[in-house]
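Novice: Supplied structure: start-v1.cif, mmCIF, C-alpha atoms and all ligand atoms.
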data_start
loop_
_atom_site.label_atom_id
_atom_site.label_comp_id
_atom_site.auth_asym_id
_atom_site.auth_seq_id
_atom_site.Cartn_x
_atom_site.Cartn_y
_atom_site.Cartn_z
CA MET A 878 171.18 101.91 94.97
CA LYS A 879 174.82 102.88 95.01
CA PRO A 880 177.32 100.14 94.19
CA SER A 881 179.00 98.92 97.32
CA SER A 882 182.74 99.30 97.67
CA GLY A 883 182.95 95.48 97.33
CA LEU A 884 181.36 95.61 93.90
CA SER A 885 183.52 98.44 92.65
CA SER A 886 186.68 96.66 93.72
CA VAL A 887 185.48 93.63 91.73
CA ALA A 888 184.90 95.96 88.80
CA SER A 889 188.37 97.46 89.02
CA ALA A 890 189.93 94.00 89.31
CA LEU A 891 188.03 93.02 86.16
CA LEU A 892 189.22 96.15 84.40
CA ALA A 893 192.79 95.43 85.42
CA ALA A 894 192.45 91.87 84.13
CA LEU A 895 191.04 93.15 80.84
CA VAL A 896 193.86 95.63 80.43
CA THR A 897 196.46 92.95 81.19
CA PHE A 898 194.76 90.53 78.81
CA GLY A 899 194.66 93.16 76.08
CA ALA A 900 198.31 93.94 76.58
CA SER A 901 199.42 90.32 76.48
CA THR A 902 197.32 89.64 73.38
CA ALA A 903 198.85 92.65 71.68
CA ALA A 904 202.32 91.43 72.65
CA GLN A 905 201.64 88.03 71.08
CA THR A 906 200.33 89.31 67.79
CA PRO A 907 201.74 92.73 67.14
CA LYS A 908 199.83 94.45 64.38
CA ASP A 909 200.87 97.88 63.31
CA PRO A 910 198.37 99.08 60.74
CA SER A 911 201.04 101.28 59.19
CA GLY A 912 203.24 98.20 58.84
CA GLU A 913 206.24 100.28 59.90
CA ASN A 914 208.48 100.47 62.94
CA ASN A 915 207.64 96.99 64.13
CA THR A 916 211.25 95.98 64.67
CA ALA A 917 211.61 96.80 68.36
CA ARG A 918 208.32 95.16 69.26
CA ASP A 919 209.06 92.10 67.08
CA GLN A 920 212.37 91.56 68.84
CA GLN A 921 210.53 91.57 72.17
CA SER A 922 207.70 89.29 71.05
CA TYR A 923 209.71 86.87 68.92
CA PRO A 924 213.15 86.23 70.40
CA ALA A 925 215.92 85.38 67.93
CA PRO A 926 216.07 81.62 67.30
CA THR A 927 218.92 79.71 68.96
CA ASN A 928 218.77 76.22 67.45
CA LEU A 929 218.34 76.48 63.68
CA LYS A 930 219.88 73.64 61.68
CA VAL A 931 218.20 74.02 58.29
CA LEU A 932 216.57 77.45 58.08
CA PRO A 933 218.91 80.40 57.37
CA LYS A 934 220.57 81.26 60.68
CA GLN A 935 220.31 85.01 60.17
CA ILE A 936 216.49 85.16 60.01
CA THR A 937 214.77 87.23 62.69
CA GLY A 938 212.37 85.83 65.26
CA LYS A 939 209.49 87.44 63.39
CA GLN A 940 210.49 85.91 60.05
CA LEU A 941 210.84 82.52 61.71
CA HIS A 942 207.41 82.91 63.29
CA ASP A 943 205.85 83.66 59.89
CA ILE A 944 207.44 80.51 58.45
CA MET A 945 206.16 78.46 61.39
CA GLU A 946 202.63 79.79 60.92
CA LYS A 947 202.77 78.78 57.25
CA TRP A 948 204.00 75.27 58.03
CA THR A 949 201.30 74.89 60.67
CA LEU A 950 198.53 75.93 58.28
CA SER A 951 199.97 73.93 55.36
CA LEU A 952 199.95 70.73 57.42
CA GLY A 953 196.72 71.42 59.32
CA VAL A 954 198.41 70.95 62.71
CA GLU A 955 199.25 73.03 65.78
CA CYS A 956 202.69 74.16 66.91
CA GLY A 957 202.72 71.27 69.40
CA ALA A 958 202.81 68.72 66.55
CA CYS A 959 206.55 69.36 66.28
CA HIS A 960 207.39 71.19 69.51
CA THR A 961 207.42 69.52 72.89
CA ASN A 962 205.52 70.77 75.95
CA ASP A 963 207.21 72.69 78.70
CA PRO A 964 205.34 71.13 81.63
CA GLY A 965 206.43 73.79 84.10
CA HIS A 966 204.96 76.71 82.18
CA VAL A 967 201.49 77.72 81.06
CA GLY A 968 201.06 80.38 78.42
CA PRO A 969 198.68 83.37 78.59
CA ASP A 970 196.08 81.28 76.69
CA GLY A 971 196.06 78.66 79.45
CA LYS A 972 197.77 76.05 77.25
CA PRO A 973 201.14 74.61 78.26
CA SER A 974 204.06 76.53 76.79
CA LEU A 975 206.26 74.84 74.24
CA LYS A 976 210.03 74.44 74.32
CA PHE A 977 210.66 75.59 70.77
CA ALA A 978 214.44 75.12 70.74
CA ASP A 979 214.13 71.56 72.09
CA ASP A 980 214.64 68.76 69.55
CA SER A 981 213.00 65.83 71.35
CA LYS A 982 209.92 65.45 69.10
CA PRO A 983 210.76 63.21 66.11
CA MET A 984 208.27 65.18 64.00
CA LYS A 985 210.56 68.22 64.24
CA GLU A 986 213.36 66.22 62.64
CA VAL A 987 211.00 65.00 59.90
CA ALA A 988 210.05 68.62 59.23
CA ARG A 989 213.74 69.51 58.88
CA SER A 990 214.29 66.83 56.26
CA MET A 991 211.06 67.88 54.49
CA TYR A 992 212.40 71.43 54.38
CA ILE A 993 215.71 70.28 52.87
CA MET A 994 213.78 68.18 50.35
CA THR A 995 211.55 71.12 49.38
CA GLU A 996 214.52 73.45 48.99
CA GLY A 997 216.25 70.80 46.87
CA ILE A 998 213.22 70.43 44.58
CA ASN A 999 213.15 74.20 44.06
CA THR A 1000 216.89 74.71 43.62
CA ASN A 1001 217.65 71.69 41.47
CA TYR A 1002 214.50 71.41 39.38
CA ILE A 1003 211.79 74.06 39.64
CA SER A 1004 214.06 77.10 39.41
CA LYS A 1005 215.58 75.60 36.24
CA LEU A 1006 212.25 75.59 34.42
CA GLU A 1007 212.02 78.45 31.98
CA GLY A 1008 209.69 81.16 33.29
CA SER A 1009 208.84 79.22 36.42
CA GLY A 1010 207.24 81.46 39.03
CA MET A 1011 205.73 78.87 41.34
CA PRO A 1012 208.11 77.31 43.84
CA THR A 1013 207.13 74.10 45.64
CA THR A 1014 206.01 74.67 49.22
CA CYS A 1015 204.90 72.36 52.01
CA GLY A 1016 201.34 73.13 50.92
CA THR A 1017 201.96 71.96 47.34
CA CYS A 1018 201.85 68.39 48.62
CA HIS A 1019 200.26 68.61 52.05
CA ARG A 1020 197.21 70.77 51.21
CA GLY A 1021 196.36 71.34 54.85
CA ARG A 1022 196.89 67.72 55.94
CA ILE A 1023 199.71 66.13 57.92
CA SER A 1024 199.65 63.16 55.53
CA PRO A 1025 199.21 64.16 51.90
CA GLU A 1026 196.08 62.68 50.32
CA PRO A 1027 196.75 59.76 48.01
CA TYR A 1028 195.90 60.70 44.45
CA ASP A 1029 194.64 58.07 42.00
CA PRO A 1030 194.41 59.50 38.49
CA THR A 1031 192.49 56.43 37.24
CA ALA A 1032 189.69 57.25 39.69
CA GLN A 1033 188.94 60.48 37.82
CA GLN A 1034 185.58 60.82 35.98
CA THR A 1035 186.98 62.35 32.79
CA LYS A 1036 188.18 59.74 30.32
CA CYS A 1037 190.49 60.40 27.39
CA PRO A 1038 188.57 60.86 24.09
CA PRO A 1039 188.40 57.68 21.92
CA VAL A 1040 191.23 57.21 19.48
CA ALA A 1041 190.34 57.77 15.76
CA PRO A 1042 190.21 54.50 13.72
CA PRO A 1043 192.89 53.79 11.11
CA PRO A 1044 191.99 55.15 7.58
CA ASP A 1045 191.22 51.67 6.03
CA ASP A 1046 188.65 50.85 8.73
CA ASN A 1047 185.02 51.15 7.41
CA SER A 1048 183.30 51.21 10.76
CA PRO A 1049 181.78 54.58 11.79
CA ALA A 1050 184.02 56.88 13.73
CA PRO A 1051 183.35 56.71 17.48
CA GLN A 1052 181.53 59.70 18.87
CA PRO A 1053 183.12 61.54 21.77
CA ALA A 1054 181.19 60.94 24.98
CA ASN A 1055 180.78 64.65 25.64
CA PRO A 1056 180.59 66.53 22.33
C1 LIG A 1101 205.90 70.62 61.07
C2 LIG A 1101 206.71 70.86 62.25
C3 LIG A 1101 206.64 72.21 62.93
C4 LIG A 1101 205.52 72.92 63.30
C5 LIG A 1101 204.06 72.55 63.10
C6 LIG A 1101 206.00 74.11 63.95
N1 LIG A 1101 207.35 74.12 63.99
FE1 LIG A 1101 208.54 75.51 64.88
N2 LIG A 1101 210.19 74.54 64.22
C7 LIG A 1101 210.19 73.38 63.47
C8 LIG A 1101 211.54 73.06 63.11
C9 LIG A 1101 212.00 71.89 62.24
C10 LIG A 1101 212.37 74.06 63.65
C11 LIG A 1101 213.89 74.16 63.54
C12 LIG A 1101 214.28 74.69 62.18
C13 LIG A 1101 215.78 74.55 61.92
O1 LIG A 1101 216.40 73.64 62.48
O2 LIG A 1101 216.33 75.34 61.12
C14 LIG A 1101 211.49 74.97 64.37
C15 LIG A 1101 211.92 76.06 65.11
C16 LIG A 1101 211.09 76.91 65.82
C17 LIG A 1101 211.54 77.99 66.67
C18 LIG A 1101 212.98 78.37 66.95
C19 LIG A 1101 213.48 77.74 68.23
C20 LIG A 1101 214.94 78.08 68.45
O3 LIG A 1101 215.23 78.92 69.31
O4 LIG A 1101 215.77 77.52 67.72
C21 LIG A 1101 210.41 78.62 67.16
C22 LIG A 1101 210.35 79.81 68.10
C23 LIG A 1101 209.27 77.92 66.60
N3 LIG A 1101 209.72 76.88 65.81
C24 LIG A 1101 207.98 78.27 66.85
C25 LIG A 1101 206.88 77.63 66.29
C26 LIG A 1101 205.52 78.08 66.44
C27 LIG A 1101 205.11 79.31 67.23
C28 LIG A 1101 204.74 77.20 65.78
C29 LIG A 1101 203.24 77.25 65.58
C30 LIG A 1101 202.72 78.49 64.99
C31 LIG A 1101 205.61 76.18 65.21
N4 LIG A 1101 206.89 76.48 65.54
C32 LIG A 1101 205.17 75.10 64.48
C33 LIG A 1101 209.11 72.61 63.16
C34 LIG A 1101 207.79 72.98 63.36
C1 LIG A 1102 206.88 66.78 47.34
C2 LIG A 1102 205.79 66.64 48.29
C3 LIG A 1102 206.04 67.13 49.70
C4 LIG A 1102 206.49 68.37 50.09
C5 LIG A 1102 206.89 69.54 49.22
C6 LIG A 1102 206.50 68.35 51.53
N1 LIG A 1102 206.08 67.15 52.00
FE1 LIG A 1102 205.98 66.57 53.95
N2 LIG A 1102 205.41 64.71 53.38
C7 LIG A 1102 205.19 64.31 52.08
C8 LIG A 1102 204.81 62.91 52.06
C9 LIG A 1102 204.46 62.09 50.83
C10 LIG A 1102 204.83 62.48 53.41
C11 LIG A 1102 204.56 61.08 53.96
C12 LIG A 1102 203.14 60.99 54.43
C13 LIG A 1102 202.82 59.63 55.00
O1 LIG A 1102 203.68 58.74 55.03
O2 LIG A 1102 201.69 59.50 55.45
C14 LIG A 1102 205.20 63.65 54.21
C15 LIG A 1102 205.32 63.63 55.59
C16 LIG A 1102 205.58 64.75 56.37
C17 LIG A 1102 205.60 64.78 57.81
C18 LIG A 1102 205.39 63.55 58.71
C19 LIG A 1102 203.93 63.30 58.90
C20 LIG A 1102 203.65 62.14 59.81
O3 LIG A 1102 202.47 61.91 60.10
O4 LIG A 1102 204.60 61.46 60.23
C21 LIG A 1102 205.87 66.05 58.19
C22 LIG A 1102 205.98 66.59 59.61
C23 LIG A 1102 206.03 66.83 56.99
N3 LIG A 1102 205.86 66.01 55.91
C24 LIG A 1102 206.32 68.18 56.97
C25 LIG A 1102 206.58 68.90 55.81
C26 LIG A 1102 207.00 70.27 55.81
C27 LIG A 1102 207.21 71.13 57.05
C28 LIG A 1102 207.17 70.62 54.50
C29 LIG A 1102 207.66 71.95 53.94
C30 LIG A 1102 208.91 72.45 54.49
C31 LIG A 1102 206.84 69.46 53.70
N4 LIG A 1102 206.49 68.43 54.53
C32 LIG A 1102 206.90 69.42 52.31
C33 LIG A 1102 205.30 65.09 50.95
C34 LIG A 1102 205.78 66.38 50.91
#
Using structure tokens, write down the structure that the file contains.
Specialist:
Amino acid sequence: MKPSSGLSSVASALLAALVTFGASTAAQTPKDPSGENNTARDQQSYPAPTNLKVLPKQITGKQLHDIMEKWTLSLGVECGACHTNDPGHVGPDGKPSLKFADDSKPMKEVARSMYIMTEGINTNYISKLEGSGMPTTCGTCHRGRISPEPYDPTAQQTKCPPVAPPPDDNSPAPQPANP
């Protein structure tokens, strides 16, 4: 049986939807395997930021996006943890769009002070260590969680080896627990 004209118009609508979807996905996450000549596309996909107060003002939209992705992963959150919804707009993924330049979420302000703190740790302390090659990042403390895990060193299994007795003590030397 030949497909009816109704069916084929459904098929072409589907095809059109697929093409549009593919195009919008590509626009969101531009990936050029050669890694070159991305600039024009990046400027389209990631508009230059307009409301930076702590990050270097000259960074491109793409550089900013990369930083945001890192923060998001380091804290184990989504963009919406710090950025407020734009109720009027829905993104291509069906989720509400976010008003990135808006400062109404308190978490965004916390993130700004965390950034200044992290930069301060690196500039004033870490970079002054001889041979230091490991700057502090959000992930150094956060490890994928919005609230860093408390760390209790006394809860660790490994105990310090027993202290050797003074020379005039005749009792046998204590044996290490794990020779
Ligand atoms: C932990 C909080 C936090 C998370 C999570 C976060 N952002 Fe941000 N974002 C900020 C802060 C803070 C600024 C402003 C930086 C400044 O003032 O220099 C900002 C700025 C921006 C801007 C620039 C807006 C403008 O025009 O000034 C964009 C775009 C942006 N973020 C996108 C994202 C995206 C996309 C994600 C998710 C992948 C994300 N952000 C996740 C805190 C966050
Ligand atoms: C030196 C360790 C350290 C570094 C580095 C660090 N943070 Fe934090 N951050 C903390 C601690 C500790 C808290 C408080 C957690 C709590 O009270 O539960 C916190 C809290 C936060 C909060 C608030 C969480 C909440 O639930 O209210 C945000 C947002 C945040 N940090 C973002 C960042 C970002 C973004 C960076 C990197 C630019 C960063 N932090 C770097 C230690 C750090």
Novice: Residues up to 9 Å from ligand LIG 1102 (chain A), counting all atoms listed in the file: could you list those as a JSON list (two decimals) with C-alpha atoms, in the coordinates of the input?
Specialist:
[["chain", "number", "residue", "atom", "x", "y", "z"],
["A", 945, "MET", "CA", 206.16, 78.46, 61.39],
["A", 947, "LYS", "CA", 202.77, 78.78, 57.25],
["A", 948, "TRP", "CA", 204.00, 75.27, 58.03],
["A", 949, "THR", "CA", 201.30, 74.89, 60.67],
["A", 951, "SER", "CA", 199.97, 73.93, 55.36],
["A", 952, "LEU", "CA", 199.95, 70.73, 57.42],
["A", 958, "ALA", "CA", 202.81, 68.72, 66.55],
["A", 959, "CYS", "CA", 206.55, 69.36, 66.28],
["A", 983, "PRO", "CA", 210.76, 63.21, 66.11],
["A", 984, "MET", "CA", 208.27, 65.18, 64.00],
["A", 985, "LYS", "CA", 210.56, 68.22, 64.24],
["A", 986, "GLU", "CA", 213.36, 66.22, 62.64],
["A", 987, "VAL", "CA", 211.00, 65.00, 59.90],
["A", 988, "ALA", "CA", 210.05, 68.62, 59.23],
["A", 989, "ARG", "CA", 213.74, 69.51, 58.88],
["A", 990, "SER", "CA", 214.29, 66.83, 56.26],
["A", 991, "MET", "CA", 211.06, 67.88, 54.49],
["A", 992, "TYR", "CA", 212.40, 71.43, 54.38],
["A", 993, "ILE", "CA", 215.71, 70.28, 52.87],
["A", 994, "MET", "CA", 213.78, 68.18, 50.35],
["A", 995, "THR", "CA", 211.55, 71.12, 49.38],
["A", 996, "GLU", "CA", 214.52, 73.45, 48.99],
["A", 998, "ILE", "CA", 213.22, 70.43, 44.58],
["A", 1013, "THR", "CA", 207.13, 74.10, 45.64],
["A", 1014, "THR", "CA", 206.01, 74.67, 49.22],
["A", 1015, "CYS", "CA", 204.90, 72.36, 52.01],
["A", 1016, "GLY", "CA", 201.34, 73.13, 50.92],
["A", 1017, "THR", "CA", 201.96, 71.96, 47.34],
["A", 1018, "CYS", "CA", 201.85, 68.39, 48.62],
["A", 1019, "HIS", "CA", 200.26, 68.61, 52.05],
["A", 1022, "ARG", "CA", 196.89, 67.72, 55.94],
["A", 1023, "ILE", "CA", 199.71, 66.13, 57.92],
["A", 1024, "SER", "CA", 199.65, 63.16, 55.53],
["A", 1025, "PRO", "CA", 199.21, 64.16, 51.90],
["A", 1026, "GLU", "CA", 196.08, 62.68, 50.32],
["A", 1027, "PRO", "CA", 196.75, 59.76, 48.01]]
Novice: Can you tell me, as number ranges by chain, which residues sit within 10 Å of (207.8, 84.6, 65.5) in the file's frame, using only C-alpha atoms?
Specialist: A: 905-906, 919-920, 922-926, 937-946
Novice: Interatomic distance between atom C14 of ligand LIG 1101 (chain A) and CA of Val931 (chain A)?
Specialist: 9.1 Å
Novice: I'd like to know which of A:Asp980, A:Asp970, A:Asp1029, A:Asp963 is closest to ligand LIG 1101 (chain A), using all atoms listed in the file.
Specialist: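 Selected residue with least distance to ligand LIG 1101 (chain A): A:Asp980.
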Novice: Given 6 Å of margin on each side, can you work out the centre and size in Å (one decimal) of an axis-aligned box holding every listed atom of region 926-935 of chain A, as AutoDock Vina command-line options?
Specialist:
--center_x 218.3 --center_y 79.3 --center_z 63.2 --size_x 16.5 --size_y 23.4 --size_z 23.6
Novice: Taking into account only C-alpha atoms and all ligand atoms, which residue in the set A:Ile1003, A:Ala1041, A:Leu932, A:Ala1032 is nearest to ligand LIG 1101 (chain A)?
Specialist: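 Residue with the minimum atom-to-atom distance to ligand LIG 1101 (chain A): A:Leu932.
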Novice: Using only C-alpha atoms and all ligand atoms, can you tell me which of A:Lys982, A:Val967, A:Gly1010, A:Lys1005 comes closest to ligand LIG 1101 (chain A)?
Specialist: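 Residue with the minimum atom-to-atom distance to ligand LIG 1101 (chain A): A:Lys982.
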Novice: What gap, in Å, lies between CA of Lys934 (chain A) and CA of Lys972 (chain A)?
Specialist: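 A separation of 28.7 Å between them.
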